[in-house]
Amino acid sequence: MSEQSCLVANDWVCGEYLRTRSQELVDATLQHVGITAAAVGIGVAVALPLALLARRYRRLAGPILGVTTVLYTIPSLAMFSLLLPLFGLSAALVVTGLVLYSLTILVRNVLAGLRAVPEEAVEAARGMGYGPVRLLWEVELPLALPALLAGVRIATVSTIALTTVGAIVDYGGLGTLILDGLDSTFKAQVLTASVLCVLLAVAADLLLLGVQRLLTPWTRTRRAGRARVRATAEKAEAEKVAEPA
């Protein structure tokens with residue numbers, strides 16, 4: 001009886017809300033995931049050629065990084081208003097805005113990863129007859145993968161948070177439920193949608209971290225090697241201190 005009355009009492013935690021609105025929560029979560037995945041995927045596809053262009057022509061690196069940084073400083077409401085004449089009130093409006101925001105993180109990380117590729121690895125590949133395209137896909141991008149995936153993780157979590165702003169055009173996933181709950185002071189809806197948004201961000205980060213570790217096993221080996229060297233040095237220092245004078 002107490003669970004049934006929690007909707008009437010407008011409690012923050014309400015089991016009856018979860019049971020009666022489960023499909024609404026699932027639909028909002030799926031929309032949130034879909035918008036986030038589309039924005040990050042398109043963002044990576046745009047950021048990669050921009051980073052390659054900035055690396056190839058150093059004089060363009062400043063303008064490219066500067067423009068992507070300026071885009072991130074534009075308030076979300078202003079961004080969506082500027083894009084409204086092009087896309088109307090649609091999911092494309094939200095996705096495009098999120099893509100532009102993600103470029104700040106993605107372009108910088110891809111460029112940093114490409115610049116960190118050892119020159120000797122590049123020269124060795126060229127000596128083996130690798131052309132520019134093969135060199136990029138088989139040598140440079142795999143070695144830049146840790147930085148690229150780290151950028152994708154940050155961009156994904158950031159995009160999950162920013163997707164909620166799409167509620168102003170009714171394409172905000174869980175953000176739409178949060179906004180509707182705030183307008184109607186529906187406490188259970190606000191809290192549940194907010195918690196789901198946080199859980200979604202944590203789950204996405206853990207999933208991408210697992211993918212990153214799976215695709216870059218050499219980084220774990222390198223860290224383990226450094227840890228062993230550190231432990232050996234500390235042991236040797238301790239033994240030296242323990243030796244009698």
# chains A, B, ... in the order shown; residues from 1 in each chain; ligands from 1
>>> residues_around(residues="Thr185 in chain A", least_positions_apart="4", cutoff="12 Å", atoms="only C-alpha atoms", output="PDB file with N, CA and C atoms, in the first residue's frame")
ATOM      1  N   LEU A   7       3.475   7.476  -5.393  1.00  0.00           N
ATOM      2  CA  LEU A   7       3.224   8.381  -6.507  1.00  0.00           C
ATOM      3  C   LEU A   7       2.367   9.564  -6.069  1.00  0.00           C
ATOM      4  N   ALA A   9       2.129  10.632  -2.974  1.00  0.00           N
ATOM      5  CA  ALA A   9       2.928  11.409  -2.024  1.00  0.00           C
ATOM      6  C   ALA A   9       4.075  12.146  -2.705  1.00  0.00           C
ATOM      7  N   ASN A  10       4.332  11.814  -3.978  1.00  0.00           N
ATOM      8  CA  ASN A  10       5.420  12.426  -4.743  1.00  0.00           C
ATOM      9  C   ASN A  10       6.769  12.228  -4.050  1.00  0.00           C
ATOM     10  N   ASP A  11       7.058  10.970  -3.699  1.00  0.00           N
ATOM     11  CA  ASP A  11       8.331  10.648  -3.063  1.00  0.00           C
ATOM     12  C   ASP A  11       9.451  10.651  -4.093  1.00  0.00           C
ATOM     13  N   TRP A  12      10.675  10.893  -3.623  1.00  0.00           N
ATOM     14  CA  TRP A  12      11.831  10.839  -4.507  1.00  0.00           C
ATOM     15  C   TRP A  12      12.103   9.422  -4.986  1.00  0.00           C
ATOM     16  N   LEU A 177      13.052  13.395 -19.785  1.00  0.00           N
ATOM     17  CA  LEU A 177      12.328  12.998 -18.568  1.00  0.00           C
ATOM     18  C   LEU A 177      12.691  13.908 -17.397  1.00  0.00           C
ATOM     19  N   ILE A 178      13.975  14.269 -17.310  1.00  0.00           N
ATOM     20  CA  ILE A 178      14.405  15.154 -16.220  1.00  0.00           C
ATOM     21  C   ILE A 178      13.709  16.509 -16.335  1.00  0.00           C
ATOM     22  N   LEU A 179      13.692  17.072 -17.547  1.00  0.00           N
ATOM     23  CA  LEU A 179      13.063  18.380 -17.746  1.00  0.00           C
ATOM     24  C   LEU A 179      11.568  18.334 -17.487  1.00  0.00           C
ATOM     25  N   ASP A 180      10.915  17.292 -17.999  1.00  0.00           N
ATOM     26  CA  ASP A 180       9.479  17.151 -17.749  1.00  0.00           C
ATOM     27  C   ASP A 180       9.197  16.989 -16.258  1.00  0.00           C
ATOM     28  N   GLY A 181      10.065  16.223 -15.574  1.00  0.00           N
ATOM     29  CA  GLY A 181       9.885  16.031 -14.129  1.00  0.00           C
ATOM     30  C   GLY A 181      10.074  17.322 -13.354  1.00  0.00           C
ATOM     31  N   GLN A 189      10.533  10.870 -11.045  1.00  0.00           N
ATOM     32  CA  GLN A 189      10.999  10.884 -12.433  1.00  0.00           C
ATOM     33  C   GLN A 189      12.338  11.608 -12.545  1.00  0.00           C
ATOM     34  N   VAL A 190      12.480  12.726 -11.864  1.00  0.00           N
ATOM     35  CA  VAL A 190      13.734  13.491 -11.903  1.00  0.00           C
ATOM     36  C   VAL A 190      14.879  12.653 -11.352  1.00  0.00           C
ATOM     37  N   LEU A 191      14.677  12.044 -10.190  1.00  0.00           N
ATOM     38  CA  LEU A 191      15.745  11.268  -9.562  1.00  0.00           C
ATOM     39  C   LEU A 191      16.089  10.024 -10.375  1.00  0.00           C
TER      40      LEU A 191
END
>>> residues_around(residues="range 73-79 of chain A", least_positions_apart="6", cutoff="10 Å", atoms="only C-alpha atoms", output="number ranges by chain")
A: 93-94, 96-98, 100-101, 104, 162, 165-166, 168
>>> write_last_selection(atoms="all heavy atoms", output="short mmCIF file (atom, residue, chain, number, x, y, z; two decimals), in the first residue's frame")
data_model
loop_
_atom_site.label_atom_id
_atom_site.label_comp_id
_atom_site.auth_asym_id
_atom_site.auth_seq_id
_atom_site.Cartn_x
_atom_site.Cartn_y
_atom_site.Cartn_z
N LEU A 93 19.58 17.92 -35.21
CA LEU A 93 20.00 19.17 -34.58
C LEU A 93 20.86 18.88 -33.35
O LEU A 93 21.94 19.46 -33.18
CB LEU A 93 18.76 19.98 -34.18
CG LEU A 93 18.99 21.20 -33.28
CD1 LEU A 93 19.76 22.27 -34.04
CD2 LEU A 93 17.67 21.75 -32.77
N VAL A 94 20.38 17.97 -32.52
CA VAL A 94 21.10 17.63 -31.29
C VAL A 94 22.41 16.92 -31.62
O VAL A 94 23.47 17.24 -31.07
CB VAL A 94 20.22 16.74 -30.38
CG1 VAL A 94 20.98 16.38 -29.11
CG2 VAL A 94 18.92 17.46 -30.04
N THR A 96 24.26 17.03 -34.34
CA THR A 96 25.23 17.93 -34.94
C THR A 96 25.89 18.82 -33.89
O THR A 96 27.11 19.02 -33.90
CB THR A 96 24.56 18.82 -36.01
OG1 THR A 96 23.94 17.99 -37.00
CG2 THR A 96 25.57 19.73 -36.68
N GLY A 97 25.09 19.35 -32.97
CA GLY A 97 25.66 20.16 -31.90
C GLY A 97 26.63 19.37 -31.03
O GLY A 97 27.71 19.86 -30.68
N LEU A 98 26.28 18.14 -30.72
CA LEU A 98 27.16 17.30 -29.90
C LEU A 98 28.44 16.92 -30.65
O LEU A 98 29.51 16.81 -30.05
CB LEU A 98 26.41 16.03 -29.48
CG LEU A 98 25.21 16.26 -28.56
CD1 LEU A 98 24.47 14.95 -28.29
CD2 LEU A 98 25.64 16.89 -27.24
N LEU A 100 29.99 18.82 -32.84
CA LEU A 100 30.84 20.01 -32.79
C LEU A 100 31.51 20.15 -31.43
O LEU A 100 32.69 20.52 -31.34
CB LEU A 100 30.01 21.25 -33.10
CG LEU A 100 29.44 21.33 -34.53
CD1 LEU A 100 28.57 22.56 -34.70
CD2 LEU A 100 30.56 21.33 -35.56
N TYR A 101 30.79 19.83 -30.35
CA TYR A 101 31.39 19.89 -29.02
C TYR A 101 32.48 18.82 -28.84
O TYR A 101 33.50 19.06 -28.21
CB TYR A 101 30.32 19.70 -27.95
CG TYR A 101 29.46 20.93 -27.71
CD1 TYR A 101 28.08 20.84 -27.64
CD2 TYR A 101 30.03 22.19 -27.53
CE1 TYR A 101 27.28 21.95 -27.42
CE2 TYR A 101 29.25 23.31 -27.31
CZ TYR A 101 27.87 23.19 -27.25
OH TYR A 101 27.10 24.30 -27.03
N THR A 104 36.56 19.21 -29.89
CA THR A 104 37.60 19.80 -29.05
C THR A 104 38.47 18.71 -28.42
O THR A 104 39.70 18.79 -28.43
CB THR A 104 36.96 20.65 -27.93
OG1 THR A 104 36.15 21.66 -28.51
CG2 THR A 104 38.03 21.30 -27.07
N LEU A 162 25.93 16.05 -22.07
CA LEU A 162 25.40 17.12 -22.91
C LEU A 162 24.13 16.73 -23.66
O LEU A 162 23.33 17.60 -24.02
CB LEU A 162 26.47 17.56 -23.92
CG LEU A 162 27.65 18.35 -23.36
CD1 LEU A 162 28.73 18.52 -24.41
CD2 LEU A 162 27.19 19.71 -22.85
N VAL A 165 20.75 18.16 -22.69
CA VAL A 165 20.33 19.50 -23.11
C VAL A 165 19.39 19.42 -24.31
O VAL A 165 18.59 20.33 -24.55
CB VAL A 165 21.57 20.37 -23.44
CG1 VAL A 165 21.15 21.79 -23.80
CG2 VAL A 165 22.53 20.39 -22.26
N GLY A 166 19.46 18.32 -25.06
CA GLY A 166 18.55 18.14 -26.20
C GLY A 166 17.10 18.08 -25.80
O GLY A 166 16.21 18.09 -26.66
N ILE A 168 15.41 20.35 -24.72
CA ILE A 168 14.73 21.59 -25.11
C ILE A 168 14.04 21.46 -26.46
O ILE A 168 13.13 22.23 -26.78
CB ILE A 168 15.71 22.78 -25.14
CG1 ILE A 168 16.84 22.53 -26.14
CG2 ILE A 168 16.27 23.07 -23.78
CD1 ILE A 168 17.78 23.71 -26.31
#
>>> closest_residue(among="A:Leu52, A:Ala92, A:Leu103, A:Leu143", to="Ser158 in chain A", atoms="only C-alpha atoms")
A:Leu103
>>> residues_around(residues="Ala150 in chain A", least_positions_apart="3", cutoff="10 Å", atoms="only C-alpha atoms", output="list in words")
Ile105, Leu106, Asn109, Val110, Gly113, Leu145, Pro146, Ala147, Arg153, Ile154, Ala155, Thr156, Asp205, Leu208, Leu209 and Gln212 of chain A
>>> closest_residue(among="A:Pro142, A:Pro49, A:Gly66, A:Gly173", to="Val33 in chain A", atoms="only C-alpha atoms")
A:Gly173
>>> atom_distance(atom1="CA of Gly175 in chain A", atom2="CA of Thr36 in chain A")
12.4 Å
>>> residues_around(residues="Ala193 in chain A", least_positions_apart="2", cutoff="12 Å", atoms="only C-alpha atoms", output="ChimeraX atom specification")
/A:12-13,17-18,21-22,24-29,32,164,172-182,186-191,195-200
>>> decode(residues="range 158-169 of chain A", atoms="all heavy atoms", output="PDB file, in the first residue's frame")
ATOM      1  N   SER A 158      31.338  12.968 -21.760  1.00  0.00           N
ATOM      2  CA  SER A 158      30.909  14.360 -21.911  1.00  0.00           C
ATOM      3  C   SER A 158      29.635  14.453 -22.746  1.00  0.00           C
ATOM      4  O   SER A 158      28.718  15.219 -22.423  1.00  0.00           O
ATOM      5  CB  SER A 158      32.035  15.169 -22.562  1.00  0.00           C
ATOM      6  OG  SER A 158      31.620  16.484 -22.832  1.00  0.00           O
ATOM      7  N   THR A 159      29.560  13.661 -23.809  1.00  0.00           N
ATOM      8  CA  THR A 159      28.384  13.689 -24.690  1.00  0.00           C
ATOM      9  C   THR A 159      27.148  13.153 -23.985  1.00  0.00           C
ATOM     10  O   THR A 159      26.034  13.656 -24.199  1.00  0.00           O
ATOM     11  CB  THR A 159      28.666  12.885 -25.973  1.00  0.00           C
ATOM     12  OG1 THR A 159      29.808  13.434 -26.635  1.00  0.00           O
ATOM     13  CG2 THR A 159      27.478  12.929 -26.917  1.00  0.00           C
ATOM     14  N   ILE A 160      27.323  12.118 -23.159  1.00  0.00           N
ATOM     15  CA  ILE A 160      26.182  11.597 -22.396  1.00  0.00           C
ATOM     16  C   ILE A 160      25.580  12.696 -21.528  1.00  0.00           C
ATOM     17  O   ILE A 160      24.349  12.822 -21.409  1.00  0.00           O
ATOM     18  CB  ILE A 160      26.612  10.395 -21.538  1.00  0.00           C
ATOM     19  CG1 ILE A 160      26.872   9.183 -22.439  1.00  0.00           C
ATOM     20  CG2 ILE A 160      25.554  10.056 -20.485  1.00  0.00           C
ATOM     21  CD1 ILE A 160      27.449   7.984 -21.712  1.00  0.00           C
ATOM     22  N   ALA A 161      26.448  13.504 -20.925  1.00  0.00           N
ATOM     23  CA  ALA A 161      25.957  14.609 -20.098  1.00  0.00           C
ATOM     24  C   ALA A 161      25.293  15.690 -20.951  1.00  0.00           C
ATOM     25  O   ALA A 161      24.208  16.189 -20.611  1.00  0.00           O
ATOM     26  CB  ALA A 161      27.111  15.201 -19.294  1.00  0.00           C
ATOM     27  N   LEU A 162      25.934  16.045 -22.068  1.00  0.00           N
ATOM     28  CA  LEU A 162      25.402  17.124 -22.909  1.00  0.00           C
ATOM     29  C   LEU A 162      24.129  16.733 -23.656  1.00  0.00           C
ATOM     30  O   LEU A 162      23.334  17.604 -24.022  1.00  0.00           O
ATOM     31  CB  LEU A 162      26.470  17.555 -23.920  1.00  0.00           C
ATOM     32  CG  LEU A 162      27.649  18.349 -23.357  1.00  0.00           C
ATOM     33  CD1 LEU A 162      28.730  18.523 -24.413  1.00  0.00           C
ATOM     34  CD2 LEU A 162      27.187  19.711 -22.853  1.00  0.00           C
ATOM     35  N   THR A 163      23.935  15.431 -23.868  1.00  0.00           N
ATOM     36  CA  THR A 163      22.726  14.982 -24.574  1.00  0.00           C
ATOM     37  C   THR A 163      21.463  15.425 -23.852  1.00  0.00           C
ATOM     38  O   THR A 163      20.430  15.678 -24.481  1.00  0.00           O
ATOM     39  CB  THR A 163      22.745  13.448 -24.727  1.00  0.00           C
ATOM     40  OG1 THR A 163      23.856  13.070 -25.537  1.00  0.00           O
ATOM     41  CG2 THR A 163      21.468  12.936 -25.392  1.00  0.00           C
ATOM     42  N   THR A 164      21.538  15.533 -22.531  1.00  0.00           N
ATOM     43  CA  THR A 164      20.354  15.931 -21.760  1.00  0.00           C
ATOM     44  C   THR A 164      19.845  17.302 -22.174  1.00  0.00           C
ATOM     45  O   THR A 164      18.647  17.585 -22.052  1.00  0.00           O
ATOM     46  CB  THR A 164      20.683  15.944 -20.253  1.00  0.00           C
ATOM     47  OG1 THR A 164      21.791  16.825 -20.013  1.00  0.00           O
ATOM     48  CG2 THR A 164      21.059  14.552 -19.757  1.00  0.00           C
ATOM     49  N   VAL A 165      20.749  18.159 -22.691  1.00  0.00           N
ATOM     50  CA  VAL A 165      20.328  19.503 -23.106  1.00  0.00           C
ATOM     51  C   VAL A 165      19.391  19.419 -24.305  1.00  0.00           C
ATOM     52  O   VAL A 165      18.590  20.326 -24.552  1.00  0.00           O
ATOM     53  CB  VAL A 165      21.565  20.368 -23.443  1.00  0.00           C
ATOM     54  CG1 VAL A 165      21.152  21.786 -23.802  1.00  0.00           C
ATOM     55  CG2 VAL A 165      22.528  20.385 -22.264  1.00  0.00           C
ATOM     56  N   GLY A 166      19.459  18.320 -25.062  1.00  0.00           N
ATOM     57  CA  GLY A 166      18.555  18.140 -26.196  1.00  0.00           C
ATOM     58  C   GLY A 166      17.100  18.077 -25.800  1.00  0.00           C
ATOM     59  O   GLY A 166      16.214  18.094 -26.665  1.00  0.00           O
ATOM     60  N   ALA A 167      16.837  18.044 -24.494  1.00  0.00           N
ATOM     61  CA  ALA A 167      15.451  18.022 -24.014  1.00  0.00           C
ATOM     62  C   ALA A 167      14.694  19.275 -24.435  1.00  0.00           C
ATOM     63  O   ALA A 167      13.457  19.255 -24.541  1.00  0.00           O
ATOM     64  CB  ALA A 167      15.423  17.888 -22.491  1.00  0.00           C
ATOM     65  N   ILE A 168      15.411  20.348 -24.722  1.00  0.00           N
ATOM     66  CA  ILE A 168      14.730  21.589 -25.111  1.00  0.00           C
ATOM     67  C   ILE A 168      14.043  21.456 -26.461  1.00  0.00           C
ATOM     68  O   ILE A 168      13.135  22.227 -26.783  1.00  0.00           O
ATOM     69  CB  ILE A 168      15.713  22.782 -25.140  1.00  0.00           C
ATOM     70  CG1 ILE A 168      16.838  22.532 -26.140  1.00  0.00           C
ATOM     71  CG2 ILE A 168      16.267  23.072 -23.776  1.00  0.00           C
ATOM     72  CD1 ILE A 168      17.775  23.710 -26.309  1.00  0.00           C
ATOM     73  N   VAL A 169      14.487  20.471 -27.263  1.00  0.00           N
ATOM     74  CA  VAL A 169      13.821  20.214 -28.541  1.00  0.00           C
ATOM     75  C   VAL A 169      13.177  18.826 -28.543  1.00  0.00           C
ATOM     76  O   VAL A 169      12.870  18.271 -29.589  1.00  0.00           O
ATOM     77  CB  VAL A 169      14.795  20.358 -29.735  1.00  0.00           C
ATOM     78  CG1 VAL A 169      15.251  21.792 -29.870  1.00  0.00           C
ATOM     79  CG2 VAL A 169      15.980  19.419 -29.594  1.00  0.00           C
TER      80      VAL A 169
END
